[in-house]
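Here's start01.tsv, which has TSV, C-alpha atoms:
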chain	number	residue	atom	x	y	z
A	1	MET	CA	18.76	-124.92	-8.47
A	2	SER	CA	15.07	-124.22	-7.97
A	3	SER	CA	13.02	-123.52	-11.04
A	4	ASP	CA	12.34	-120.04	-9.67
A	5	ALA	CA	16.07	-119.28	-9.39
A	6	GLN	CA	16.52	-120.58	-12.95
A	7	SER	CA	13.68	-118.32	-14.13
A	8	ASP	CA	15.43	-115.37	-12.46
A	9	LEU	CA	18.59	-116.17	-14.44
A	10	ILE	CA	16.64	-116.50	-17.69
A	11	PHE	CA	14.72	-113.23	-17.43
A	12	LYS	CA	17.70	-111.25	-16.12
A	13	ALA	CA	19.71	-112.56	-19.08
A	14	LEU	CA	16.91	-111.51	-21.46
A	15	ALA	CA	16.61	-108.05	-19.87
A	16	ASP	CA	19.62	-106.77	-21.85
A	17	GLY	CA	19.25	-105.69	-25.47
A	18	ARG	CA	22.75	-106.82	-26.45
A	19	ARG	CA	22.11	-110.32	-25.12
A	20	ARG	CA	18.77	-110.42	-26.99
A	21	ALA	CA	20.70	-109.38	-30.14
A	22	ILE	CA	23.11	-112.31	-29.64
A	23	LEU	CA	20.15	-114.72	-29.37
A	24	ASP	CA	18.65	-113.15	-32.53
A	25	MET	CA	21.86	-114.07	-34.35
A	26	LEU	CA	21.65	-117.69	-33.18
A	27	LYS	CA	18.05	-118.17	-34.28
A	28	ASP	CA	18.95	-119.05	-37.86
A	29	ALA	CA	22.02	-121.15	-37.16
A	30	PRO	CA	24.65	-121.86	-34.48
A	31	ARG	CA	27.64	-119.50	-34.52
A	32	THR	CA	31.15	-119.74	-33.18
A	33	THR	CA	32.18	-117.37	-30.41
A	34	GLY	CA	34.60	-115.82	-32.93
A	35	GLU	CA	31.75	-115.10	-35.36
A	36	LEU	CA	29.65	-113.51	-32.61
A	37	CYS	CA	32.57	-111.31	-31.51
A	38	GLU	CA	33.10	-110.24	-35.12
A	39	ALA	CA	29.42	-109.44	-35.63
A	40	PHE	CA	29.46	-107.03	-32.68
A	41	ALA	CA	32.97	-105.69	-33.30
A	42	GLY	CA	31.61	-102.23	-34.14
A	43	SER	CA	29.89	-101.76	-30.81
A	44	LEU	CA	31.29	-104.22	-28.23
A	45	ASP	CA	34.79	-105.44	-27.49
A	46	ARG	CA	35.55	-109.16	-27.52
A	47	CYS	CA	35.68	-109.43	-23.74
A	48	THR	CA	32.20	-107.88	-23.34
A	49	VAL	CA	30.69	-110.18	-25.97
A	50	MET	CA	32.19	-113.19	-24.20
A	51	GLN	CA	30.78	-112.01	-20.85
A	52	HIS	CA	27.31	-111.74	-22.39
A	53	ILE	CA	27.65	-115.22	-23.90
A	54	GLY	CA	28.60	-116.46	-20.41
A	55	VAL	CA	25.44	-114.96	-18.88
A	56	LEU	CA	23.30	-116.56	-21.61
A	57	GLU	CA	25.04	-119.91	-21.09
A	58	LYS	CA	24.50	-119.80	-17.32
A	59	ALA	CA	20.79	-119.16	-17.97
A	60	GLU	CA	20.85	-122.14	-20.40
A	61	LEU	CA	19.56	-119.93	-23.21
A	62	ILE	CA	22.71	-120.88	-25.11
A	63	LEU	CA	24.19	-124.39	-25.26
A	64	SER	CA	27.78	-124.52	-26.41
A	65	ARG	CA	29.86	-127.27	-27.91
A	66	ARG	CA	33.61	-127.26	-28.42
A	67	GLU	CA	34.98	-128.48	-31.75
A	68	GLY	CA	38.76	-128.30	-31.97
A	69	ARG	CA	39.66	-124.67	-31.33
A	70	LYS	CA	36.15	-123.44	-32.08
A	71	ARG	CA	33.27	-123.08	-29.69
A	72	TRP	CA	29.84	-123.37	-31.30
A	73	ASN	CA	26.94	-121.59	-29.63
A	74	HIS	CA	23.44	-122.93	-30.15
A	75	LEU	CA	20.15	-121.31	-29.18
A	76	ASN	CA	18.33	-123.51	-26.63
A	77	ALA	CA	14.66	-123.55	-27.55
A	78	ALA	CA	13.56	-125.26	-24.31
A	79	PRO	CA	13.37	-122.20	-22.00
A	80	PHE	CA	11.32	-120.30	-24.60
A	81	ARG	CA	8.96	-123.23	-24.92
A	82	ASP	CA	8.64	-123.29	-21.12
A	83	ILE	CA	7.70	-119.57	-21.06
A	84	TYR	CA	5.10	-120.24	-23.73
A	85	ASP	CA	3.72	-123.27	-21.91
A	86	ARG	CA	3.61	-121.48	-18.58
A	87	TRP	CA	1.54	-118.49	-19.66
A	88	ILE	CA	0.11	-119.11	-23.10
A	89	SER	CA	-0.91	-122.73	-23.65
A	90	GLY	CA	-3.16	-122.78	-20.61
A	91	TYR	CA	-4.41	-119.31	-21.47
A	92	ALA	CA	-5.34	-120.36	-24.98
A	93	GLU	CA	-6.94	-123.57	-23.69
A	94	ASN	CA	-8.99	-121.54	-21.24
A	95	ALA	CA	-10.06	-119.17	-24.01
A	96	VAL	CA	-11.16	-122.15	-26.12
A	97	ALA	CA	-13.02	-123.68	-23.16
A	98	LEU	CA	-14.72	-120.33	-22.51
A	99	LEU	CA	-15.84	-120.08	-26.14
A	100	ALA	CA	-17.19	-123.64	-25.98
A	101	ARG	CA	-19.18	-122.78	-22.83
A	102	MET	CA	-20.54	-119.62	-24.45
A	103	LYS	CA	-21.57	-121.59	-27.52
A	104	ALA	CA	-23.30	-124.22	-25.35
A	105	ASP	CA	-25.06	-121.49	-23.36
A	106	MET	CA	-26.28	-119.81	-26.53
A	107	GLU	CA	-27.56	-123.07	-27.95
A	108	ALA	CA	-29.36	-123.89	-24.70
A	109	THR	CA	-31.34	-120.63	-24.72
B	1	MET	CA	8.95	-96.17	-26.93
B	2	SER	CA	11.31	-98.32	-28.96
B	3	SER	CA	10.62	-102.01	-29.11
B	4	ASP	CA	13.95	-102.59	-27.36
B	5	ALA	CA	12.97	-100.35	-24.44
B	6	GLN	CA	9.65	-102.18	-24.24
B	7	SER	CA	11.50	-105.53	-24.22
B	8	ASP	CA	13.63	-104.23	-21.33
B	9	LEU	CA	10.46	-103.44	-19.36
B	10	ILE	CA	8.97	-106.86	-20.14
B	11	PHE	CA	12.00	-108.94	-19.10
B	12	LYS	CA	12.77	-106.82	-16.03
B	13	ALA	CA	9.14	-107.27	-14.98
B	14	LEU	CA	9.44	-111.05	-15.50
B	15	ALA	CA	12.75	-111.23	-13.58
B	16	ASP	CA	10.92	-111.23	-10.25
B	17	GLY	CA	9.37	-114.40	-8.86
B	18	ARG	CA	6.52	-112.57	-7.14
B	19	ARG	CA	5.51	-110.87	-10.37
B	20	ARG	CA	5.67	-114.23	-12.18
B	21	ALA	CA	3.40	-115.63	-9.45
B	22	ILE	CA	0.89	-112.83	-10.08
B	23	LEU	CA	0.87	-113.68	-13.80
B	24	ASP	CA	0.41	-117.37	-12.93
B	25	MET	CA	-2.74	-116.40	-11.05
B	26	LEU	CA	-4.11	-114.51	-14.06
B	27	LYS	CA	-3.58	-117.36	-16.51
B	28	ASP	CA	-6.86	-119.07	-15.69
B	29	ALA	CA	-9.02	-115.98	-15.37
B	30	PRO	CA	-8.83	-112.23	-14.78
B	31	ARG	CA	-8.73	-111.20	-11.11
B	32	THR	CA	-9.54	-108.00	-9.29
B	33	THR	CA	-6.72	-106.14	-7.58
B	34	GLY	CA	-8.46	-106.97	-4.29
B	35	GLU	CA	-8.39	-110.70	-5.07
B	36	LEU	CA	-4.68	-110.55	-5.94
B	37	CYS	CA	-3.88	-108.70	-2.71
B	38	GLU	CA	-5.82	-111.30	-0.76
B	39	ALA	CA	-4.05	-114.19	-2.50
B	40	PHE	CA	-0.64	-112.85	-1.43
B	41	ALA	CA	-1.78	-111.57	1.98
B	42	GLY	CA	0.39	-114.14	3.78
B	43	SER	CA	3.63	-112.97	2.19
B	44	LEU	CA	3.19	-109.45	0.74
B	45	ASP	CA	1.39	-106.35	1.98
B	46	ARG	CA	-1.26	-104.72	-0.18
B	47	CYS	CA	0.99	-101.84	-1.18
B	48	THR	CA	3.75	-104.18	-2.44
B	49	VAL	CA	1.28	-106.24	-4.48
B	50	MET	CA	-0.06	-103.04	-6.06
B	51	GLN	CA	3.47	-101.91	-6.92
B	52	HIS	CA	4.16	-105.25	-8.64
B	53	ILE	CA	0.87	-104.97	-10.56
B	54	GLY	CA	1.98	-101.48	-11.63
B	55	VAL	CA	5.29	-102.82	-12.99
B	56	LEU	CA	3.45	-105.56	-14.91
B	57	GLU	CA	0.97	-103.01	-16.28
B	58	LYS	CA	3.74	-100.68	-17.44
B	59	ALA	CA	5.34	-103.63	-19.26
B	60	GLU	CA	1.89	-104.37	-20.78
B	61	LEU	CA	1.97	-107.90	-19.38
B	62	ILE	CA	-1.24	-107.01	-17.55
B	63	LEU	CA	-4.14	-105.08	-19.05
B	64	SER	CA	-6.55	-103.63	-16.52
B	65	ARG	CA	-10.13	-102.53	-16.77
B	66	ARG	CA	-12.12	-100.60	-14.18
B	67	GLU	CA	-15.66	-101.75	-13.39
B	68	GLY	CA	-17.34	-99.65	-10.75
B	69	ARG	CA	-15.07	-99.80	-7.70
B	70	LYS	CA	-13.27	-102.91	-8.92
B	71	ARG	CA	-10.22	-103.10	-11.12
B	72	TRP	CA	-9.95	-106.24	-13.21
B	73	ASN	CA	-6.48	-107.41	-14.21
B	74	HIS	CA	-6.12	-109.51	-17.37
B	75	LEU	CA	-3.05	-111.37	-18.60
B	76	ASN	CA	-1.95	-109.93	-21.94
B	77	ALA	CA	-0.97	-112.82	-24.18
B	78	ALA	CA	0.59	-110.62	-26.89
B	79	PRO	CA	4.07	-110.09	-25.36
B	80	PHE	CA	4.42	-113.84	-24.73
B	81	ARG	CA	3.43	-114.55	-28.29
B	82	ASP	CA	6.04	-112.01	-29.45
B	83	ILE	CA	8.77	-113.77	-27.41
B	84	TYR	CA	7.75	-117.06	-28.98
B	85	ASP	CA	7.68	-115.60	-32.50
B	86	ARG	CA	11.02	-113.86	-32.04
B	87	TRP	CA	13.05	-116.90	-31.02
B	88	ILE	CA	11.03	-120.05	-31.60
B	89	SER	CA	8.89	-119.87	-34.73
B	90	GLY	CA	11.84	-119.10	-36.99
B	91	TYR	CA	13.95	-121.60	-35.09
B	92	ALA	CA	11.39	-124.36	-35.56
B	93	GLU	CA	10.98	-123.44	-39.23
B	94	ASN	CA	14.74	-123.64	-39.69
B	95	ALA	CA	14.85	-127.00	-37.95
B	96	VAL	CA	12.11	-128.28	-40.25
B	97	ALA	CA	13.91	-126.89	-43.32
B	98	LEU	CA	17.14	-128.54	-42.14
B	99	LEU	CA	15.40	-131.91	-41.74
B	100	ALA	CA	13.89	-131.56	-45.22
B	101	ARG	CA	17.35	-130.86	-46.68
B	102	MET	CA	18.82	-133.85	-44.82
B	103	LYS	CA	16.03	-136.07	-46.13
B	104	ALA	CA	16.59	-134.82	-49.70
B	105	ASP	CA	20.35	-135.39	-49.35
B	106	MET	CA	19.82	-138.91	-48.07
B	107	GLU	CA	17.41	-139.74	-50.86
B	108	ALA	CA	19.85	-138.35	-53.45
B	109	THR	CA	22.68	-140.65	-52.33
Please re-express this file's structure in structure tokens.
Amino acid sequence: MSSDAQSDLIFKALADGRRRAILDMLKDAPRTTGELCEAFAGSLDRCTVMQHIGVLEKAELILSRREGRKRWNHLNAAPFRDIYDRWISGYAENAVALLARMKADMEAT
Amino acid sequence: MSSDAQSDLIFKALADGRRRAILDMLKDAPRTTGELCEAFAGSLDRCTVMQHIGVLEKAELILSRREGRKRWNHLNAAPFRDIYDRWISGYAENAVALLARMKADMEAT
């Protein structure tokens, strides 16, 4: 899959508040699918939660691992790091370079 | 607007490869709307580019500033930093805390 198609999957997956809420839950620690379903039991049925997990898994925002009858869902930090690297690292580096040039210009005058 | 509605706007804006390409162009330096239209002239007409810029502006991924007849578009780093803070900072902190606990456990045995 092209990186652009993968980016489409990632941002479409993130464009839903319930899926963002699932990722929020995984930030502190991995959770089983059962735990996630229970956490959203008040607002979403089990089938809907599992569909959202599926979308997040396809976008590789969640990595899952089976352990006996349990399925552990882990947040995948890599796509978030890629977003950061794509738009922020360079941006910050450019800002630093700009400040350095300004400083040099000021010192030269 | 709620932060969740704003997140919807941000991720829907990012879910389009052409809008991501516009943001890529703004990473190094701000560009005028005219420059952006010219850069995509081979693939997108002026009106489409301006619509995409509008979507990015509404999501606050682009901040624009008028200067005479020109309109300068700047990448807004804040939403990207928020994404990072929401899912990565805590995650990294937890990973570090986990490693520290593992180290302490190993040293205790």
query: Could you list as a list in words every residue that has an atom within 12 Å of (9.4, -113.9, -9.2), using the file's coordinates and counting all atoms listed in the file?
result: Ser2, Ser3, Asp4, Ala5, Gln6, Ser7, Asp8, Leu9, Ile10, Phe11 and Lys12 of chain A; Phe11, Lys12, Ala13, Leu14, Ala15, Asp16, Gly17, Arg18, Arg19, Arg20, Ala21, Ile22, Leu23, Asp24, His52 and Leu56 of chain B
I'd like the contact shell of B:Phe80 - 9 Å cut-off, all atoms listed in the file, skipping same-chain residues fewer than 4 positions apart - returned as an mmCIF file with C-alpha atoms, keeping the file's coordinate frame.
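Once written, part_5.cif looks like this:
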data_model
loop_
_atom_site.group_PDB
_atom_site.id
_atom_site.type_symbol
_atom_site.label_atom_id
_atom_site.label_comp_id
_atom_site.auth_asym_id
_atom_site.auth_seq_id
_atom_site.Cartn_x
_atom_site.Cartn_y
_atom_site.Cartn_z
ATOM 1 C CA ILE A 83 7.700 -119.570 -21.060
ATOM 2 C CA TYR A 84 5.100 -120.240 -23.730
ATOM 3 C CA TRP A 87 1.540 -118.490 -19.660
ATOM 4 C CA ILE A 88 0.110 -119.110 -23.100
ATOM 5 C CA LEU B 61 1.970 -107.900 -19.380
ATOM 6 C CA ASN B 76 -1.950 -109.930 -21.940
ATOM 7 C CA TYR B 84 7.750 -117.060 -28.980
ATOM 8 C CA ASP B 85 7.680 -115.600 -32.500
#
Least-squares superpose chain A onto chain B - every C-alpha atom, paired in order - and show me the moved coordinates as a PDB file with C-alpha atoms, keeping the file's coordinate frame.
ATOM      1  CA  MET A   1       8.939 -96.293 -27.013  1.00  0.00           C
ATOM      2  CA  SER A   2      11.309 -98.451 -29.032  1.00  0.00           C
ATOM      3  CA  SER A   3      10.616-102.143 -29.129  1.00  0.00           C
ATOM      4  CA  ASP A   4      13.950-102.712 -27.394  1.00  0.00           C
ATOM      5  CA  ALA A   5      12.971-100.445 -24.484  1.00  0.00           C
ATOM      6  CA  GLN A   6       9.636-102.288 -24.275  1.00  0.00           C
ATOM      7  CA  SER A   7      11.488-105.624 -24.216  1.00  0.00           C
ATOM      8  CA  ASP A   8      13.632-104.301 -21.351  1.00  0.00           C
ATOM      9  CA  LEU A   9      10.458-103.496 -19.395  1.00  0.00           C
ATOM     10  CA  ILE A  10       8.971-106.921 -20.125  1.00  0.00           C
ATOM     11  CA  PHE A  11      11.988-108.985 -19.084  1.00  0.00           C
ATOM     12  CA  LYS A  12      12.763-106.841 -16.030  1.00  0.00           C
ATOM     13  CA  ALA A  13       9.134-107.285 -14.956  1.00  0.00           C
ATOM     14  CA  LEU A  14       9.437-111.062 -15.454  1.00  0.00           C
ATOM     15  CA  ALA A  15      12.737-111.233 -13.539  1.00  0.00           C
ATOM     16  CA  ASP A  16      10.906-111.195 -10.183  1.00  0.00           C
ATOM     17  CA  GLY A  17       9.350-114.360  -8.780  1.00  0.00           C
ATOM     18  CA  ARG A  18       6.483-112.523  -7.079  1.00  0.00           C
ATOM     19  CA  ARG A  19       5.489-110.837 -10.334  1.00  0.00           C
ATOM     20  CA  ARG A  20       5.657-114.212 -12.135  1.00  0.00           C
ATOM     21  CA  ALA A  21       3.381-115.602  -9.375  1.00  0.00           C
ATOM     22  CA  ILE A  22       0.858-112.801 -10.034  1.00  0.00           C
ATOM     23  CA  LEU A  23       0.850-113.664 -13.762  1.00  0.00           C
ATOM     24  CA  ASP A  24       0.391-117.361 -12.853  1.00  0.00           C
ATOM     25  CA  MET A  25      -2.773-116.372 -10.988  1.00  0.00           C
ATOM     26  CA  LEU A  26      -4.134-114.494 -14.012  1.00  0.00           C
ATOM     27  CA  LYS A  27      -3.579-117.358 -16.439  1.00  0.00           C
ATOM     28  CA  ASP A  28      -6.866-119.072 -15.630  1.00  0.00           C
ATOM     29  CA  ALA A  29      -9.036-115.988 -15.309  1.00  0.00           C
ATOM     30  CA  PRO A  30      -8.859-112.212 -14.749  1.00  0.00           C
ATOM     31  CA  ARG A  31      -8.743-111.150 -11.092  1.00  0.00           C
ATOM     32  CA  THR A  32      -9.543-107.938  -9.299  1.00  0.00           C
ATOM     33  CA  THR A  33      -6.717-106.087  -7.585  1.00  0.00           C
ATOM     34  CA  GLY A  34      -8.479-106.888  -4.289  1.00  0.00           C
ATOM     35  CA  GLU A  35      -8.390-110.625  -5.046  1.00  0.00           C
ATOM     36  CA  LEU A  36      -4.688-110.478  -5.927  1.00  0.00           C
ATOM     37  CA  CYS A  37      -3.890-108.593  -2.704  1.00  0.00           C
ATOM     38  CA  GLU A  38      -5.839-111.190  -0.725  1.00  0.00           C
ATOM     39  CA  ALA A  39      -4.075-114.096  -2.424  1.00  0.00           C
ATOM     40  CA  PHE A  40      -0.674-112.744  -1.369  1.00  0.00           C
ATOM     41  CA  ALA A  41      -1.793-111.443   2.031  1.00  0.00           C
ATOM     42  CA  GLY A  42       0.373-114.007   3.837  1.00  0.00           C
ATOM     43  CA  SER A  43       3.603-112.847   2.258  1.00  0.00           C
ATOM     44  CA  LEU A  44       3.177-109.339   0.782  1.00  0.00           C
ATOM     45  CA  ASP A  45       1.386-106.245   2.006  1.00  0.00           C
ATOM     46  CA  ARG A  46      -1.249-104.590  -0.170  1.00  0.00           C
ATOM     47  CA  CYS A  47       1.014-101.722  -1.184  1.00  0.00           C
ATOM     48  CA  THR A  48       3.749-104.096  -2.431  1.00  0.00           C
ATOM     49  CA  VAL A  49       1.267-106.167  -4.441  1.00  0.00           C
ATOM     50  CA  MET A  50      -0.072-102.998  -6.055  1.00  0.00           C
ATOM     51  CA  GLN A  51       3.471-101.861  -6.925  1.00  0.00           C
ATOM     52  CA  HIS A  52       4.140-105.201  -8.623  1.00  0.00           C
ATOM     53  CA  ILE A  53       0.863-104.942 -10.545  1.00  0.00           C
ATOM     54  CA  GLY A  54       1.981-101.458 -11.655  1.00  0.00           C
ATOM     55  CA  VAL A  55       5.289-102.811 -12.999  1.00  0.00           C
ATOM     56  CA  LEU A  56       3.447-105.571 -14.892  1.00  0.00           C
ATOM     57  CA  GLU A  57       0.972-103.035 -16.295  1.00  0.00           C
ATOM     58  CA  LYS A  58       3.754-100.712 -17.470  1.00  0.00           C
ATOM     59  CA  ALA A  59       5.341-103.685 -19.270  1.00  0.00           C
ATOM     60  CA  GLU A  60       1.888-104.419 -20.795  1.00  0.00           C
ATOM     61  CA  LEU A  61       1.960-107.943 -19.372  1.00  0.00           C
ATOM     62  CA  ILE A  62      -1.249-107.038 -17.549  1.00  0.00           C
ATOM     63  CA  LEU A  63      -4.148-105.091 -19.076  1.00  0.00           C
ATOM     64  CA  SER A  64      -6.553-103.644 -16.556  1.00  0.00           C
ATOM     65  CA  ARG A  65     -10.136-102.535 -16.822  1.00  0.00           C
ATOM     66  CA  ARG A  66     -12.103-100.576 -14.250  1.00  0.00           C
ATOM     67  CA  GLU A  67     -15.640-101.710 -13.439  1.00  0.00           C
ATOM     68  CA  GLY A  68     -17.326 -99.581 -10.795  1.00  0.00           C
ATOM     69  CA  ARG A  69     -15.070 -99.741  -7.748  1.00  0.00           C
ATOM     70  CA  LYS A  70     -13.275-102.852  -8.969  1.00  0.00           C
ATOM     71  CA  ARG A  71     -10.224-103.048 -11.158  1.00  0.00           C
ATOM     72  CA  TRP A  72      -9.962-106.232 -13.216  1.00  0.00           C
ATOM     73  CA  ASN A  73      -6.505-107.414 -14.223  1.00  0.00           C
ATOM     74  CA  HIS A  74      -6.140-109.523 -17.344  1.00  0.00           C
ATOM     75  CA  LEU A  75      -3.070-111.395 -18.552  1.00  0.00           C
ATOM     76  CA  ASN A  76      -1.949-109.990 -21.932  1.00  0.00           C
ATOM     77  CA  ALA A  77      -0.975-112.911 -24.131  1.00  0.00           C
ATOM     78  CA  ALA A  78       0.587-110.725 -26.855  1.00  0.00           C
ATOM     79  CA  PRO A  79       4.067-110.183 -25.328  1.00  0.00           C
ATOM     80  CA  PHE A  80       4.419-113.927 -24.673  1.00  0.00           C
ATOM     81  CA  ARG A  81       3.441-114.671 -28.243  1.00  0.00           C
ATOM     82  CA  ASP A  82       6.043-112.135 -29.404  1.00  0.00           C
ATOM     83  CA  ILE A  83       8.776-113.880 -27.353  1.00  0.00           C
ATOM     84  CA  TYR A  84       7.746-117.183 -28.890  1.00  0.00           C
ATOM     85  CA  ASP A  85       7.685-115.758 -32.406  1.00  0.00           C
ATOM     86  CA  ARG A  86      11.022-114.027 -31.986  1.00  0.00           C
ATOM     87  CA  TRP A  87      13.051-117.050 -30.923  1.00  0.00           C
ATOM     88  CA  ILE A  88      11.034-120.194 -31.478  1.00  0.00           C
ATOM     89  CA  SER A  89       8.896-120.048 -34.617  1.00  0.00           C
ATOM     90  CA  GLY A  90      11.847-119.256 -36.846  1.00  0.00           C
ATOM     91  CA  TYR A  91      13.957-121.769 -34.956  1.00  0.00           C
ATOM     92  CA  ALA A  92      11.411-124.513 -35.478  1.00  0.00           C
ATOM     93  CA  GLU A  93      10.988-123.545 -39.140  1.00  0.00           C
ATOM     94  CA  ASN A  94      14.741-123.724 -39.600  1.00  0.00           C
ATOM     95  CA  ALA A  95      14.842-127.134 -37.928  1.00  0.00           C
ATOM     96  CA  VAL A  96      12.106-128.358 -40.285  1.00  0.00           C
ATOM     97  CA  ALA A  97      13.926-126.902 -43.307  1.00  0.00           C
ATOM     98  CA  LEU A  98      17.152-128.577 -42.158  1.00  0.00           C
ATOM     99  CA  LEU A  99      15.408-131.946 -41.839  1.00  0.00           C
ATOM    100  CA  ALA A 100      13.918-131.516 -45.319  1.00  0.00           C
ATOM    101  CA  ARG A 101      17.386-130.779 -46.750  1.00  0.00           C
ATOM    102  CA  MET A 102      18.855-133.803 -44.973  1.00  0.00           C
ATOM    103  CA  LYS A 103      16.077-135.997 -46.328  1.00  0.00           C
ATOM    104  CA  ALA A 104      16.645-134.669 -49.868  1.00  0.00           C
ATOM    105  CA  ASP A 105      20.399-135.223 -49.525  1.00  0.00           C
ATOM    106  CA  MET A 106      19.879-138.788 -48.352  1.00  0.00           C
ATOM    107  CA  GLU A 107      17.503-139.541 -51.193  1.00  0.00           C
ATOM    108  CA  ALA A 108      19.923-138.070 -53.733  1.00  0.00           C
ATOM    109  CA  THR A 109      22.776-140.368 -52.671  1.00  0.00           C
TER     110      THR A 109
END
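Note that atom CA of A:Met25 and atom CA of B:Lys58 are 28.2 Å apart.
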task: For A:Glu35, work out the shell of residues within 12 Å, counting only C-alpha atoms and skipping chain neighbours fewer than 2 positions away, then give it as a PyMOL selection string.
output: chain A and resi 22+25-26+29-33+37-41+46+49-50+70-73
statement: Atom pair atom CA of B:Ala77 + atom CA of B:Leu63, distance 9.8 Å
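Here the question is which of A:Leu99, A:Gln51, A:Leu75, A:Ala108 gets nearest to chain B using all atoms listed in the file, and that residue is A:Leu75.
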query: From the set A:Ala100, A:Ala78, A:Met106, A:Ile53, which residue has the shortest atom-to-atom contact distance to chain B, counting all atoms listed in the file?
result: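 Selected residue with least distance to chain B: A:Ala78.
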message: What's the separation between atom CA of A:Arg69 and atom CA of A:Gly34, in Å to one decimal place?
response: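 Interatomic distance, atom CA of A:Arg69 to atom CA of A:Gly34: 10.3 Å.
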query: A:Glu67, A:Asp28, A:Glu57, A:Asp45: which is nearest chain B, counting only C-alpha atoms?
result: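 Nearest candidate to chain B out of A:Glu67, A:Asp28, A:Glu57, A:Asp45: A:Asp28.
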message: Calculated over only C-alpha atoms, which of the candidates A:Asp82, A:Thr48, A:Met102, A:Thr109 has the smallest distance to chain B?
response: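 Going through A:Asp82, A:Thr48, A:Met102, A:Thr109 one by one, the smallest distance to chain B is for A:Asp82.
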